[in-house]
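Shown next, in structure tokens, is the structure this report addresses.
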Amino acid sequence: MPIIKSAKKRVKTANKAAIRNSKTKRSLKSALKNFHTAIKSGNKNINKNQSQVQSAIDKASKKNVIHKNKANRLKKRLAKDAKKASITKTSPAKPAKKIVKKSTAKTTK
């Protein structure tokens, strides 16, 4: 245990910050887990889970629990996974209709 008053205060504040950071990390991990289970189970709430995870990532980044580049990388991976899951669960796309342009040139009689 430190003897100096300022060192004692630093121990207290470090403990408070550690608790706060661990709560943020835990909420981020649980949101990520929910998102991945929603993708694996083919749940329809993928977009809702994705927005919750992105919110948790932004909060963790704002509180400097994770680095901003890591946050951006995670969000990019989430978007990629969500897009991949939505493509695989939907039916194949219908062929596009052909659009025939009418000529604008006037014909003479």
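Chains: A, B, ... in order of the structure tokens. Residues: from 1 per chain. Ligands: from 1, in order shown.
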
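Those residues of stretch 40-71 of chain A that DSSP, working from the backbone, places in helix (DSSP H, G or I) are Lys40, Ser41, Ile46, Asn47, Lys48, Asn49, Gln50, Ser51, Gln52, Val53, Gln54, Ser55, Ala56, Ile57, Asp58, Lys59, Ala60, Ser61, Lys62, Lys68, Asn69, Lys70 and Ala71 of chain A.
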
Residues near A:Arg26, cut-off 12 Å, only C-alpha atoms, skip fewer than 6 positions along chain, as an MDAnalysis selection string: chainID A and resid 19:20 32:33 53 56:57 60 65

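Using only C-alpha atoms for every distance, the candidate list A:Asn64, A:Asn72, A:Ser55, A:Lys97 yields A:Asn64 as the residue closest to A:Ala17.
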
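Interatomic distance, atom CA of A:Lys80 against atom CA of A:Lys29: 18.3 Å.
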
Shell of 10 Å around A:Gln52, only C-alpha atoms, local chain residues under 4 positions omitted, as a PyMOL selection string: chain A and resi 28+31-32+34-35+46-48+56-58

Interatomic distance, atom CA of A:Ser22 to atom CA of A:Asn43 (Å, one decimal): 28.6 Å

Atom CA of A:Asp81 to atom CA of A:Gln50, straight-line distance in Å: 9.7 Å

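In this comparison, which uses only C-alpha atoms, the residue of A:Asn49, A:Val100, A:Asn21, A:Ala7 approaching A:Ser61 most closely is A:Asn21.
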